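K.L.:
What follows is a structure written as structure tokens; I'll ask about it next.
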Amino acid sequence: MSPTRKRPEELRSHRWFGPDDLRSFGHRSRTKQMGYDTEDFAGKPVIGILNTWSDLNTCHTHLRERAEQVKRGVYQAGGFPVEVPVMSLGEQFMKPTTMFYRNMTAMEVEETLRCHPLDGAVLLGGCDKTVPAMLMGAFTMNLPCIFLPAGPMLKGRWRAETLGSGSDVWKYWAERCAGKLSCDAWCEIEDGIARSPGTCMTMGTASTMAAVVEALGFIPTGAATLPAVHSAHARMAAQCGRRIVDMVWEDLKPSDILTRESFLNAITTLMAISGSTNAIVHIIAMAGRAGIKITLEDFDAIARRTPVLANIRPAGKFLMEDFHDAGGIPGLLSRLGDLIHPECLTISGKTLGETVKGAEVFSDEVIVPREKPLAAEGGMAVLTGNLAPDGCVIKHTAMEPRFLKHTGPALVFKDYPDLKARIDLEDLPVKADSIIVLQNAGPIGAPGMPEWGMLPIPKKLLKAGIRDMVRLSDARMSGTSYGACVLHIAPEAAIGGPLALVKDGDLIELDVAGRRIHWHVADDEIARRRAAWKPAEPRFARGYGKLFSEQVTQANEGCDFKFLHHGPPTPEPDIF
Ligand code: FES
């Protein structure tokens with residue numbers, strides 16, 4: 001914890017409210033216009049409650065109430081709360097993909113914090129990209145901040161079945177496509193799979209990112225798994241409000257908390273929960289904002305030494321509510337023991353080791369003992385080879401093991417419309433050992449690297465009982481998905497990565513244990529194909545899309561914008 005304690009005149013907001021000049025008169029009088037008195041704000045930390053509530057974000061419908069509860073805590077601790085909306089990124093409705101807008105929200109958060117009289121912030125988010133987006137912006141701005149996770153929704157229910165977000169959608173859709181599920185049953189599933197506010201309650205990207213960020217130190221201890229509608233969630237919101245005021249006085253900033261070791265803790269947690277592959281891209285991007293270099297090699301090295309302990313779907317059996325009741329992230333970290341760097345600081349002002357000291361696990365079935373792991377190695381692997389010189393990723397704990405080593409002929413789709421148009425044709429030349437390849441689905445090609453990576457299994461194979469096969473792309477995959485899907489191939493096809501040159505019938509070899517993906521095509525043939533390859537015309541002539549296409553980095557670099565990378569601090573605004 002920082003040994004110093006700020007004085008009121010050292011608050012950042014004092015520059016707006018403190019001076020005896022014309023401009024500050026305006027700031028004070030207009031605050032009074034909102035019904036506040038001098039006693040409400042003078043000399044107090046001004047806390048921004050950055051809220052991603054939106055009617056178009058189905059996971060965040062409770063965040064208006066939570067903002068009020070954060071305010072209650074801020075008042076209790078002697079601060080002055082102000083709620084500020086920022087762009088929401090609701091997975092369900094945004095097209096082409098929320099990932100296309102992650103960096104836009106990150107920019108909005110950074111600039112919102114910079115241009116206003118704020119001393120600290122509580123960030124309200126949870127649905128997938130809102131987590132990295134808000135933290136990327138906040139890390140760059142480097143004001144004291146806490147992330148308040150929306151929390152997982154209640155478990156889904158259909159007849160006697162417990163339903164998990166995403167995972168059971170894919171599962172029952174495959175049954176429906178195979179003609180084994182009635183229309184009525186499908187509608188009943190639609191009614192029962194999302195029964196409350198909150199994020200997907202499987203170990204999808206939202207749950208993964210919350211877990212990762214708690215281990216990183218920015219979510220209150222035990223809160224990453226707290227169900228959205230639990231009364232403790234509302235109490236946690238008020239606690240965030242109280243704590244952020246103290247953090248401002250203590251001047252406890254992200255730069256005091258973030259170290260290479262804290263990011264390694266986040267990655268270890270990712271592996272132990274067999275979390276979403278999306279977290280790889282987001283962790284690299286968040287670390288980049290803190291000036292810390294994290295590479296794909298770090299993920300693979302940590303995966304090799306980290307056992308999978310959380311038995312949560314899609315890689316396991318249970319759901320987030322069960323995980324919370326079993327002890328949540330503190331329980332998990334206590335079982336990881338010496339794999340964690342305990343000295344890393346958290347928003348509590350204590351170290352991670354101190355915050356999880358005495359944590360217990362209440363179900364060995366949900367958080368398994370380290371000596372009896374669900375898998376000896378972490379939930380994902382990084383592969384390289386002549387098809388992915390800058391790496392690619394596979395979640396090998398959520399696929400049929402027979403594909404861990406597999407060679408098959410490629411069946412290539414040049415883009416997603418091509419895939420949609422042909423995948424279910426009766427005469428598609430596909431066999432169970434084929435490898436389906438999707439090109440041009442990466443950061444620039446798609447654009448935005450959508451979650452198309454769990455490529456559909458052709459209907460004719462579904463009808464024959466096939467439920468998994470090897471699939472390759474430069475896209476991402478939803479954390480709730482599963483299957484032998486090789487993802488994030490870099491460089492992507494749209495910029496001329498080798499993926500762009502693959503043709504039907506080329507043999508591709510996948511060797512997960514050897515961390516290798518090999519394309520069995522001779523170098524001179526590859527050179528011939530490269531000479532004939534032409535990039536597509538730029539998709540965007542103007543606007544955000546143009547900025548995105550010109551600035552986005554590749555998956556192995558975190559897909560941040562080049563100009564947003566860590567650098568000298570942006571100057572504070574002048575107040576004239
Ligand atoms: Fe929001 Fe899954 S759709 S977390």
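Each chain of the structure tokens is named A, B, ... in the order shown, its residues numbered from 1; ligands are numbered from 1 in display order.
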Please identify every polymer residue within 7 Å of ligand 1, using only C-alpha atoms and all ligand atoms, and present the set as a PyMOL selection string.
P.N.:
chain A and resi 58-59+90-92+126-128+199-200+204-206
K.L.:
The selected residues should be written to file as a compact mmCIF listing (two decimals), in the first residue's frame (atoms: C-alpha atoms).
P.N.:
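Dumped everything to part-v8.txt:
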# COMPACT_ATOMS: atom_id res chain seq x y z
CA THR A 58 -28.84 -8.15 -22.18
CA CYS A 59 -26.21 -9.10 -19.59
CA GLY A 90 -23.40 -6.46 -25.82
CA GLU A 91 -22.33 -9.74 -27.36
CA GLN A 92 -25.77 -10.64 -28.58
CA GLY A 126 -18.93 -7.89 -17.54
CA CYS A 127 -20.17 -8.97 -20.95
CA ASP A 128 -17.03 -10.24 -22.70
CA THR A 199 -23.31 -12.75 -17.98
CA CYS A 200 -23.09 -16.22 -19.50
CA GLY A 204 -17.20 -18.28 -21.43
CA THR A 205 -15.24 -15.15 -22.10
CA ALA A 206 -17.11 -13.05 -19.52
K.L.:
Can you tell me which residues surround A:Gln76 at a distance of at most 9 Å, considering only C-alpha atoms, apart from same-chain residues fewer than 4 positions away, and format the answer as a count of residues only?
P.N.:
5
K.L.:
For A:Ala555, please output as a list of chain:residue names all residues within 8 Å (counting only C-alpha atoms; exclusion window: fewer than 5 positions along the same chain).
P.N.:
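Contacts, in chain order: A:Val281, A:Pro443, A:His488, A:Ile489, A:Ala490, A:Pro491.
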K.L.:
Save out the residues we just selected, C-alpha atoms, as a PDB file, in the first residue's frame.
P.N.:
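Printed below is part_1.pdb as written:
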ATOM      1  CA  VAL A 281      -5.793 -11.652 -26.977  1.00  0.00           C
ATOM      2  CA  PRO A 443      -8.828  -8.857 -37.359  1.00  0.00           C
ATOM      3  CA  HIS A 488      -6.148 -16.995 -34.062  1.00  0.00           C
ATOM      4  CA  ILE A 489      -3.883 -18.122 -36.910  1.00  0.00           C
ATOM      5  CA  ALA A 490      -1.330 -15.352 -37.382  1.00  0.00           C
ATOM      6  CA  PRO A 491      -0.578 -13.656 -39.591  1.00  0.00           C
TER       7      PRO A 491
END
K.L.:
Hey, can you check how far atom CA of A:Pro450 sits from atom CA of A:Asp390?
P.N.:
19.1 Å
K.L.:
Residues of stretch 119-143 of chain A that have any atom at most 7 Å from an atom of stretch 42-56 of chain A: could you tabulate them with the shortest-distance atom pair and the distance in Å to one decimal, using only C-alpha atoms, ordered by chain and increasing number, as JSON lines?
P.N.:
{"residue": "A:Asp119", "atom": "CA", "partner": "A:Val46", "partner_atom": "CA", "distance": 5.3}
{"residue": "A:Gly120", "atom": "CA", "partner": "A:Ile47", "partner_atom": "CA", "distance": 5.0}
{"residue": "A:Ala121", "atom": "CA", "partner": "A:Gly48", "partner_atom": "CA", "distance": 4.5}
{"residue": "A:Val122", "atom": "CA", "partner": "A:Ile49", "partner_atom": "CA", "distance": 4.9}
{"residue": "A:Leu123", "atom": "CA", "partner": "A:Leu50", "partner_atom": "CA", "distance": 5.0}
{"residue": "A:Leu124", "atom": "CA", "partner": "A:Asn51", "partner_atom": "CA", "distance": 4.9}
{"residue": "A:Gly125", "atom": "CA", "partner": "A:Thr52", "partner_atom": "CA", "distance": 5.7}
